[in-house]
file run.tsv (TSV, N, CA and C atoms)
chain	number	residue	atom	x	y	z
A	1049	MET	N	74.50	135.79	49.34
A	1049	MET	CA	75.28	134.92	48.48
A	1049	MET	C	76.63	135.58	48.19
A	1050	ARG	N	77.63	134.74	48.01
A	1050	ARG	CA	78.96	135.25	47.70
A	1050	ARG	C	79.01	135.70	46.26
A	1051	ASN	N	79.83	136.69	46.00
A	1051	ASN	CA	80.02	137.17	44.63
A	1051	ASN	C	81.22	136.47	44.01
A	1052	ILE	N	80.98	135.32	43.41
A	1052	ILE	CA	82.02	134.59	42.70
A	1052	ILE	C	81.48	134.21	41.33
A	1053	THR	N	82.40	133.97	40.41
A	1053	THR	CA	81.97	133.64	39.05
A	1053	THR	C	81.40	132.23	39.01
A	1054	THR	N	80.70	131.94	37.95
A	1054	THR	CA	80.12	130.61	37.77
A	1054	THR	C	81.21	129.55	37.74
A	1055	GLU	N	82.33	129.85	37.08
A	1055	GLU	CA	83.44	128.90	37.00
A	1055	GLU	C	84.04	128.64	38.38
A	1056	GLU	N	84.22	129.70	39.17
A	1056	GLU	CA	84.76	129.54	40.52
A	1056	GLU	C	83.81	128.72	41.39
A	1057	ARG	N	82.54	129.01	41.25
A	1057	ARG	CA	81.53	128.27	42.02
A	1057	ARG	C	81.57	126.78	41.66
A	1058	GLN	N	81.64	126.47	40.37
A	1058	GLN	CA	81.68	125.07	39.94
A	1058	GLN	C	82.97	124.40	40.39
A	1059	ARG	N	84.08	125.13	40.34
A	1059	ARG	CA	85.36	124.58	40.80
A	1059	ARG	C	85.30	124.25	42.29
A	1060	LEU	N	84.70	125.13	43.08
A	1060	LEU	CA	84.53	124.89	44.52
A	1060	LEU	C	83.67	123.65	44.76
A	1061	ILE	N	82.55	123.56	44.07
A	1061	ILE	CA	81.65	122.41	44.22
A	1061	ILE	C	82.37	121.13	43.85
A	1062	ASP	N	83.12	121.15	42.74
A	1062	ASP	CA	83.86	119.96	42.31
A	1062	ASP	C	84.91	119.55	43.35
A	1063	ASP	N	85.60	120.54	43.93
A	1063	ASP	CA	86.61	120.26	44.95
A	1063	ASP	C	85.98	119.64	46.19
A	1064	ILE	N	84.85	120.18	46.61
A	1064	ILE	CA	84.14	119.65	47.79
A	1064	ILE	C	83.65	118.24	47.51
A	1065	LEU	N	83.09	118.02	46.34
A	1065	LEU	CA	82.60	116.69	45.96
A	1065	LEU	C	83.75	115.68	45.92
A	1066	ARG	N	84.87	116.07	45.33
A	1066	ARG	CA	86.03	115.18	45.24
A	1066	ARG	C	86.54	114.80	46.63
A	1067	ALA	N	86.64	115.79	47.52
A	1067	ALA	CA	87.12	115.51	48.89
A	1067	ALA	C	86.19	114.54	49.61
A	1068	ASN	N	84.89	114.66	49.37
A	1068	ASN	CA	83.93	113.76	50.00
A	1068	ASN	C	84.05	112.35	49.43
A	1069	VAL	N	84.13	112.25	48.11
A	1069	VAL	CA	84.20	110.95	47.45
A	1069	VAL	C	85.47	110.21	47.84
A	1070	GLN	N	86.56	110.94	48.00
A	1070	GLN	CA	87.83	110.32	48.36
A	1070	GLN	C	87.92	109.99	49.84
A	1071	GLY	N	86.90	110.37	50.60
A	1071	GLY	CA	86.88	110.04	52.02
A	1071	GLY	C	87.67	110.99	52.89
A	1072	ARG	N	88.10	112.11	52.34
A	1072	ARG	CA	88.85	113.08	53.14
A	1072	ARG	C	87.93	113.93	53.99
A	1073	GLU	N	86.66	114.01	53.61
A	1073	GLU	CA	85.68	114.81	54.35
A	1073	GLU	C	84.40	114.00	54.53
A	1074	SER	N	83.77	114.18	55.66
A	1074	SER	CA	82.48	113.54	55.91
A	1074	SER	C	81.39	114.30	55.15
A	1075	LEU	N	80.22	113.71	55.10
A	1075	LEU	CA	79.09	114.36	54.44
A	1075	LEU	C	78.76	115.68	55.13
A	1076	GLY	N	78.78	115.69	56.46
A	1076	GLY	CA	78.48	116.91	57.20
A	1076	GLY	C	79.45	118.03	56.90
A	1077	VAL	N	80.73	117.71	56.87
A	1077	VAL	CA	81.76	118.72	56.56
A	1077	VAL	C	81.57	119.23	55.14
A	1078	SER	N	81.27	118.33	54.22
A	1078	SER	CA	81.05	118.74	52.83
A	1078	SER	C	79.86	119.68	52.70
A	1079	ILE	N	78.78	119.37	53.41
A	1079	ILE	CA	77.60	120.24	53.35
A	1079	ILE	C	77.90	121.60	53.98
A	1080	ARG	N	78.65	121.59	55.07
A	1080	ARG	CA	79.04	122.87	55.69
A	1080	ARG	C	79.88	123.69	54.73
A	1081	ARG	N	80.84	123.05	54.05
A	1081	ARG	CA	81.67	123.77	53.08
A	1081	ARG	C	80.83	124.32	51.94
A	1082	LEU	N	79.86	123.54	51.47
A	1082	LEU	CA	78.97	124.05	50.42
A	1082	LEU	C	78.25	125.30	50.89
A	1083	ARG	N	77.73	125.24	52.11
A	1083	ARG	CA	77.00	126.38	52.65
A	1083	ARG	C	77.90	127.60	52.80
A	1084	VAL	N	79.05	127.42	53.43
A	1084	VAL	CA	79.92	128.56	53.75
A	1084	VAL	C	80.68	129.06	52.53
A	1085	GLU	N	81.37	128.15	51.83
A	1085	GLU	CA	82.26	128.56	50.75
A	1085	GLU	C	81.54	128.91	49.45
A	1086	VAL	N	80.46	128.22	49.17
A	1086	VAL	CA	79.76	128.48	47.90
A	1086	VAL	C	78.71	129.57	48.07
A	1087	THR	N	77.90	129.48	49.14
A	1087	THR	CA	76.82	130.47	49.29
A	1087	THR	C	77.20	131.62	50.21
A	1088	GLY	N	78.03	131.35	51.21
A	1088	GLY	CA	78.37	132.39	52.18
A	1088	GLY	C	77.24	132.69	53.16
A	1089	LEU	N	76.24	131.82	53.21
A	1089	LEU	CA	75.08	132.05	54.08
A	1089	LEU	C	75.32	131.52	55.49
A	1090	ASP	N	74.66	132.16	56.47
A	1090	ASP	CA	74.72	131.65	57.84
A	1090	ASP	C	73.76	130.47	57.97
A	1091	GLN	N	73.87	129.75	59.09
A	1091	GLN	CA	73.05	128.55	59.28
A	1091	GLN	C	71.56	128.86	59.28
A	1092	ASP	N	71.15	129.94	59.94
A	1092	ASP	CA	69.72	130.28	60.01
A	1092	ASP	C	69.13	130.50	58.62
A	1093	THR	N	69.80	131.29	57.81
A	1093	THR	CA	69.30	131.61	56.47
A	1093	THR	C	69.28	130.37	55.59
A	1094	PHE	N	70.37	129.61	55.62
A	1094	PHE	CA	70.46	128.42	54.76
A	1094	PHE	C	69.44	127.36	55.19
A	1095	ALA	N	69.27	127.18	56.50
A	1095	ALA	CA	68.28	126.21	57.00
A	1095	ALA	C	66.88	126.59	56.53
A	1096	ALA	N	66.55	127.87	56.62
A	1096	ALA	CA	65.23	128.33	56.16
A	1096	ALA	C	65.07	128.09	54.67
A	1097	MET	N	66.12	128.34	53.91
A	1097	MET	CA	66.08	128.14	52.47
A	1097	MET	C	65.85	126.66	52.13
A	1098	CYS	N	66.40	125.76	52.96
A	1098	CYS	CA	66.26	124.31	52.74
A	1098	CYS	C	65.03	123.73	53.44
A	1099	ARG	N	64.29	124.58	54.14
A	1099	ARG	CA	63.08	124.18	54.86
A	1099	ARG	C	63.36	123.11	55.93
A	1100	ILE	N	64.45	123.33	56.66
A	1100	ILE	CA	64.77	122.49	57.81
A	1100	ILE	C	65.09	123.42	58.97
A	1101	SER	N	65.11	122.87	60.18
A	1101	SER	CA	65.42	123.70	61.34
A	1101	SER	C	66.92	123.97	61.40
A	1102	THR	N	67.28	125.04	62.08
A	1102	THR	CA	68.69	125.37	62.27
A	1102	THR	C	69.37	124.25	63.05
A	1103	LYS	N	68.66	123.68	64.02
A	1103	LYS	CA	69.22	122.58	64.81
A	1103	LYS	C	69.51	121.38	63.93
A	1104	ALA	N	68.60	121.06	63.01
A	1104	ALA	CA	68.80	119.92	62.11
A	1104	ALA	C	70.03	120.16	61.22
A	1105	LEU	N	70.18	121.39	60.73
A	1105	LEU	CA	71.34	121.71	59.90
A	1105	LEU	C	72.63	121.62	60.71
A	1106	TYR	N	72.59	122.14	61.93
A	1106	TYR	CA	73.76	122.08	62.81
A	1106	TYR	C	74.16	120.62	63.06
A	1107	GLN	N	73.18	119.77	63.37
A	1107	GLN	CA	73.47	118.36	63.63
A	1107	GLN	C	74.03	117.68	62.39
A	1108	LEU	N	73.48	118.01	61.23
A	1108	LEU	CA	73.96	117.41	59.98
A	1108	LEU	C	75.40	117.83	59.72
A	1109	GLU	N	75.69	119.11	59.85
A	1109	GLU	CA	77.04	119.61	59.60
A	1109	GLU	C	78.04	119.09	60.63
A	1110	SER	N	77.57	118.73	61.80
A	1110	SER	CA	78.44	118.20	62.87
A	1110	SER	C	78.52	116.68	62.83
A	1111	ASP	N	77.90	116.07	61.84
A	1111	ASP	CA	77.83	114.61	61.72
A	1111	ASP	C	77.20	113.96	62.94
A	1112	LYS	N	76.25	114.65	63.54
A	1112	LYS	CA	75.55	114.12	64.71
A	1112	LYS	C	74.12	113.71	64.37
A	1113	GLY	N	73.58	114.22	63.30
A	1113	GLY	CA	72.19	113.95	62.95
A	1113	GLY	C	72.04	112.68	62.14
A	1114	ASN	N	70.80	112.35	61.86
A	1114	ASN	CA	70.47	111.19	61.04
A	1114	ASN	C	69.42	111.64	60.03
A	1115	PRO	N	69.84	112.45	59.05
A	1115	PRO	CA	68.87	113.03	58.12
A	1115	PRO	C	68.31	111.99	57.16
A	1116	THR	N	67.13	112.27	56.66
A	1116	THR	CA	66.54	111.40	55.64
A	1116	THR	C	67.19	111.73	54.29
A	1117	ILE	N	67.04	110.83	53.35
A	1117	ILE	CA	67.56	111.08	52.01
A	1117	ILE	C	66.84	112.27	51.40
A	1118	GLY	N	65.55	112.42	51.72
A	1118	GLY	CA	64.80	113.58	51.23
A	1118	GLY	C	65.39	114.89	51.73
A	1119	THR	N	65.78	114.93	53.00
A	1119	THR	CA	66.40	116.13	53.56
A	1119	THR	C	67.73	116.41	52.86
A	1120	LEU	N	68.54	115.37	52.70
A	1120	LEU	CA	69.83	115.54	52.03
A	1120	LEU	C	69.65	116.01	50.60
A	1121	ASN	N	68.70	115.41	49.89
A	1121	ASN	CA	68.45	115.85	48.51
A	1121	ASN	C	67.94	117.28	48.47
A	1122	GLY	N	67.14	117.68	49.46
A	1122	GLY	CA	66.67	119.06	49.52
A	1122	GLY	C	67.81	120.05	49.64
A	1123	ILE	N	68.85	119.66	50.36
A	1123	ILE	CA	70.03	120.52	50.51
A	1123	ILE	C	70.89	120.44	49.25
A	1124	LEU	N	71.19	119.23	48.81
A	1124	LEU	CA	72.10	119.06	47.68
A	1124	LEU	C	71.53	119.58	46.37
A	1125	ASN	N	70.20	119.57	46.23
A	1125	ASN	CA	69.58	120.09	45.01
A	1125	ASN	C	69.92	121.56	44.79
A	1126	LYS	N	70.16	122.28	45.87
A	1126	LYS	CA	70.52	123.70	45.76
A	1126	LYS	C	71.84	123.89	45.02
A	1127	PHE	N	72.64	122.81	44.97
A	1127	PHE	CA	73.95	122.87	44.32
A	1127	PHE	C	74.01	122.00	43.07
A	1128	GLY	N	72.85	121.55	42.61
A	1128	GLY	CA	72.80	120.73	41.40
A	1128	GLY	C	73.24	119.29	41.63
A	1129	MET	N	73.08	118.80	42.87
A	1129	MET	CA	73.49	117.43	43.19
A	1129	MET	C	72.33	116.69	43.83
A	1130	ARG	N	72.51	115.37	43.98
A	1130	ARG	CA	71.56	114.55	44.72
A	1130	ARG	C	72.29	113.34	45.26
A	1131	MET	N	71.70	112.70	46.26
A	1131	MET	CA	72.29	111.50	46.84
A	1131	MET	C	72.18	110.37	45.82
A	1132	THR	N	73.24	109.59	45.72
A	1132	THR	CA	73.25	108.47	44.79
A	1132	THR	C	74.22	107.41	45.30
A	1133	LEU	N	74.18	106.26	44.70
A	1133	LEU	CA	75.12	105.19	45.03
A	1133	LEU	C	76.18	105.12	43.95
A	1134	GLY	N	77.38	104.83	44.35
A	1134	GLY	CA	78.46	104.68	43.38
A	1134	GLY	C	79.58	103.87	44.00
A	1135	ALA	N	80.31	103.17	43.16
A	1135	ALA	CA	81.46	102.40	43.63
A	1135	ALA	C	82.68	103.31	43.64
A	1136	ILE	N	83.48	103.21	44.68
A	1136	ILE	CA	84.68	104.03	44.78
A	1136	ILE	C	85.85	103.17	44.33
A	1137	VAL	N	86.52	103.61	43.25
A	1137	VAL	CA	87.63	102.86	42.70
A	1137	VAL	C	88.77	103.84	42.40
A	1138	ALA	N	89.87	103.71	43.12
A	1138	ALA	CA	91.08	104.49	42.87
A	1138	ALA	C	90.79	105.96	42.60
A	1139	ASP	N	90.24	106.63	43.59
A	1139	ASP	CA	89.98	108.07	43.52
A	1139	ASP	C	88.96	108.46	42.46
A	1140	ALA	N	88.18	107.53	41.99
A	1140	ALA	CA	87.14	107.85	41.01
A	1140	ALA	C	85.83	107.25	41.50
A	1141	VAL	N	84.75	107.84	41.05
A	1141	VAL	CA	83.44	107.31	41.40
A	1141	VAL	C	82.81	106.76	40.14
A	1142	LEU	N	82.40	105.51	40.22
A	1142	LEU	CA	81.71	104.88	39.11
A	1142	LEU	C	80.25	104.73	39.48
A	1143	PRO	N	79.34	105.12	38.62
A	1143	PRO	CA	77.92	104.96	38.95
A	1143	PRO	C	77.58	103.49	39.11
A	1144	ALA	N	76.75	103.22	40.08
A	1144	ALA	CA	76.33	101.84	40.32
A	1144	ALA	C	75.44	101.38	39.18
A	1145	ARG	N	75.71	100.17	38.68
A	1145	ARG	CA	74.88	99.59	37.63
A	1145	ARG	C	73.95	98.58	38.26
A	1146	PRO	N	72.74	98.48	37.78
A	1146	PRO	CA	71.83	97.48	38.35
A	1146	PRO	C	72.42	96.08	38.18
A	1147	ALA	N	72.41	95.30	39.24
A	1147	ALA	CA	72.97	93.95	39.20
A	1147	ALA	C	72.20	93.07	38.23
A	1148	LYS	N	70.90	93.31	38.09
A	1148	LYS	CA	70.08	92.49	37.21
A	1148	LYS	C	70.59	92.56	35.77
A	1149	ALA	N	71.08	93.72	35.36
A	1149	ALA	CA	71.58	93.88	34.00
A	1149	ALA	C	72.81	93.01	33.77
A	1150	GLU	N	73.54	92.68	34.83
A	1150	GLU	CA	74.72	91.85	34.71
A	1150	GLU	C	74.39	90.37	34.89
A	1151	GLY	N	73.14	90.04	35.16
A	1151	GLY	CA	72.72	88.66	35.28
A	1151	GLY	C	73.16	87.98	36.57
A	1152	ARG	N	73.39	88.74	37.61
A	1152	ARG	CA	73.84	88.13	38.87
A	1152	ARG	C	72.70	87.54	39.67
A	1153	PHE	N	71.48	87.95	39.42
A	1153	PHE	CA	70.35	87.46	40.19
A	1153	PHE	C	69.48	86.55	39.35
A	1154	LEU	N	69.00	85.50	39.99
A	1154	LEU	CA	68.06	84.61	39.33
A	1154	LEU	C	66.66	85.20	39.43
A	1155	PRO	N	65.79	84.89	38.48
A	1155	PRO	CA	64.41	85.35	38.60
A	1155	PRO	C	63.80	84.83	39.89
A	1156	ARG	N	62.89	85.57	40.44
A	1156	ARG	CA	62.26	85.22	41.71
A	1156	ARG	C	61.65	83.82	41.63
A	1157	GLY	N	61.93	83.00	42.64
A	1157	GLY	CA	61.36	81.66	42.72
A	1157	GLY	C	62.15	80.58	42.01
A	1158	THR	N	63.32	80.91	41.45
A	1158	THR	CA	64.09	79.90	40.71
A	1158	THR	C	65.39	79.53	41.41
A	1159	SER	N	65.61	80.00	42.62
A	1159	SER	CA	66.84	79.67	43.33
A	1159	SER	C	66.80	78.21	43.78
A	1160	PRO	N	67.96	77.61	44.05
A	1160	PRO	CA	67.98	76.22	44.54
A	1160	PRO	C	67.17	76.05	45.83
A	1161	ALA	N	67.19	77.03	46.70
A	1161	ALA	CA	66.41	76.93	47.94
A	1161	ALA	C	64.92	76.86	47.64
A	1162	MET	N	64.45	77.64	46.67
A	1162	MET	CA	63.03	77.61	46.30
A	1162	MET	C	62.67	76.28	45.66
A	1163	ALA	N	63.58	75.71	44.87
A	1163	ALA	CA	63.31	74.41	44.25
A	1163	ALA	C	63.14	73.34	45.32
A	1164	LYS	N	63.96	73.40	46.37
A	1164	LYS	CA	63.83	72.45	47.48
A	1164	LYS	C	62.51	72.63	48.19
A	1165	ARG	N	62.11	73.88	48.41
A	1165	ARG	CA	60.83	74.14	49.09
A	1165	ARG	C	59.66	73.61	48.28
A	1166	ARG	N	59.72	73.82	46.95
A	1166	ARG	CA	58.64	73.33	46.10
A	1166	ARG	C	58.58	71.81	46.14
A	1167	ALA	N	59.74	71.17	46.11
A	1167	ALA	CA	59.78	69.70	46.16
A	1167	ALA	C	59.26	69.20	47.50
A	1168	ALA	N	59.59	69.91	48.57
A	1168	ALA	CA	59.13	69.51	49.91
A	1168	ALA	C	57.63	69.72	50.06
A	1169	ALA	N	57.07	70.70	49.33
A	1169	ALA	CA	55.64	70.98	49.41
A	1169	ALA	C	54.84	69.84	48.77
A	1170	GLY	N	55.50	69.06	47.95
A	1170	GLY	CA	54.84	67.89	47.35
A	1170	GLY	C	54.01	68.25	46.14
A	1171	ALA	N	53.17	67.32	45.77
A	1171	ALA	CA	52.37	67.45	44.56
A	1171	ALA	C	51.24	68.44	44.71
A	1172	THR	N	50.96	68.91	45.93
A	1172	THR	CA	49.83	69.82	46.12
A	1172	THR	C	50.09	71.15	45.44
A	1173	GLY	N	51.36	71.51	45.32
A	1173	GLY	CA	51.68	72.76	44.65
A	1173	GLY	C	51.37	73.98	45.48
A	1174	LYS	N	50.93	73.77	46.71
A	1174	LYS	CA	50.61	74.92	47.56
A	1174	LYS	C	51.89	75.44	48.21
A	1175	PRO	N	52.13	76.72	48.15
A	1175	PRO	CA	53.32	77.26	48.80
A	1175	PRO	C	53.17	77.21	50.31
A	1176	ARG	N	54.30	77.01	50.96
A	1176	ARG	CA	54.29	76.99	52.42
A	1176	ARG	C	54.23	78.41	52.94
A	1177	ALA	N	53.60	78.57	54.10
A	1177	ALA	CA	53.45	79.90	54.70
A	1177	ALA	C	54.68	80.30	55.45
call {"tool": "encode", "arguments": {"input": "run.tsv", "output": "structure tokens"}}
result
Amino acid sequence: MRNITTEERQRLIDDILRANVQGRESLGVSIRRLRVEVTGLDQDTFAAMCRISTKALYQLESDKGNPTIGTLNGILNKFGMRMTLGAIVADAVLPARPAKAEGRFLPRGTSPAMAKRRAAAGATGKPRA
């Protein structure tokens, strides 16, 4: 591990996160920067620490792999982060809010299309397969 202060480490992580959120760096480049600049570890050591193969880490850092969210979270957790969804607005990240809380979705089975299906099913009340 690199010998840097907690403040320097957090500043590095924030800079890497900001570059990724703003689209200046891909996820793979950001993960590579976290590994190299924050920890100073080589790929073999870091991959073992994250319980993935060196090849998987190489592919991820090269933006060639297709990692699972679990794999990404396993790596990002080492830096106090996790994968999440957020809206990108003018160089800022806003956490995604559930659409249901904003009332954009109708309760299941109450859409106009469902009303037509129920009417077409007739008085039997049996749903169509």
call {"tool": "select_by_dssp", "arguments": {"input": "run.tsv", "residues": "segment 1079-1141 of chain A", "states": "helix (DSSP H, G or I)", "output": "ChimeraX atom specification"}}
result
/A:1079-1087,1091-1098,1102-1109,1117-1127
call {"tool": "axis_aligned_box", "arguments": {"input": "run.tsv", "around": "segment 1098-1113 of chain A", "padding_each_side": "8 Å", "output": "AutoDock Vina command-line options"}}
result
--center_x 70.8 --center_y 119.2 --center_z 58.8 --size_x 31.4 --size_y 29.1 --size_z 28.1
call {"tool": "closest_residue", "arguments": {"input": "run.tsv", "among": "A:Lys1126, A:Asp1111, A:Ser1101, A:Thr1087", "to": "Glu1056 of chain A", "atoms": "only C-alpha atoms"}}
result
A:Thr1087
call {"tool": "residues_around", "arguments": {"input": "run.tsv", "residues": "segment 1129-1132 of chain A", "least_positions_apart": "3", "cutoff": "8 Å", "atoms": "all atoms listed in the file", "output": "PyMOL selection string"}}
result
chain A and resi 1117+1120-1126+1135+1143-1144
call {"tool": "atom_distance", "arguments": {"input": "run.tsv", "atom1": "atom CA of Leu1108 of chain A", "atom2": "atom CA of Gly1076 of chain A"}}
result
5.3 Å
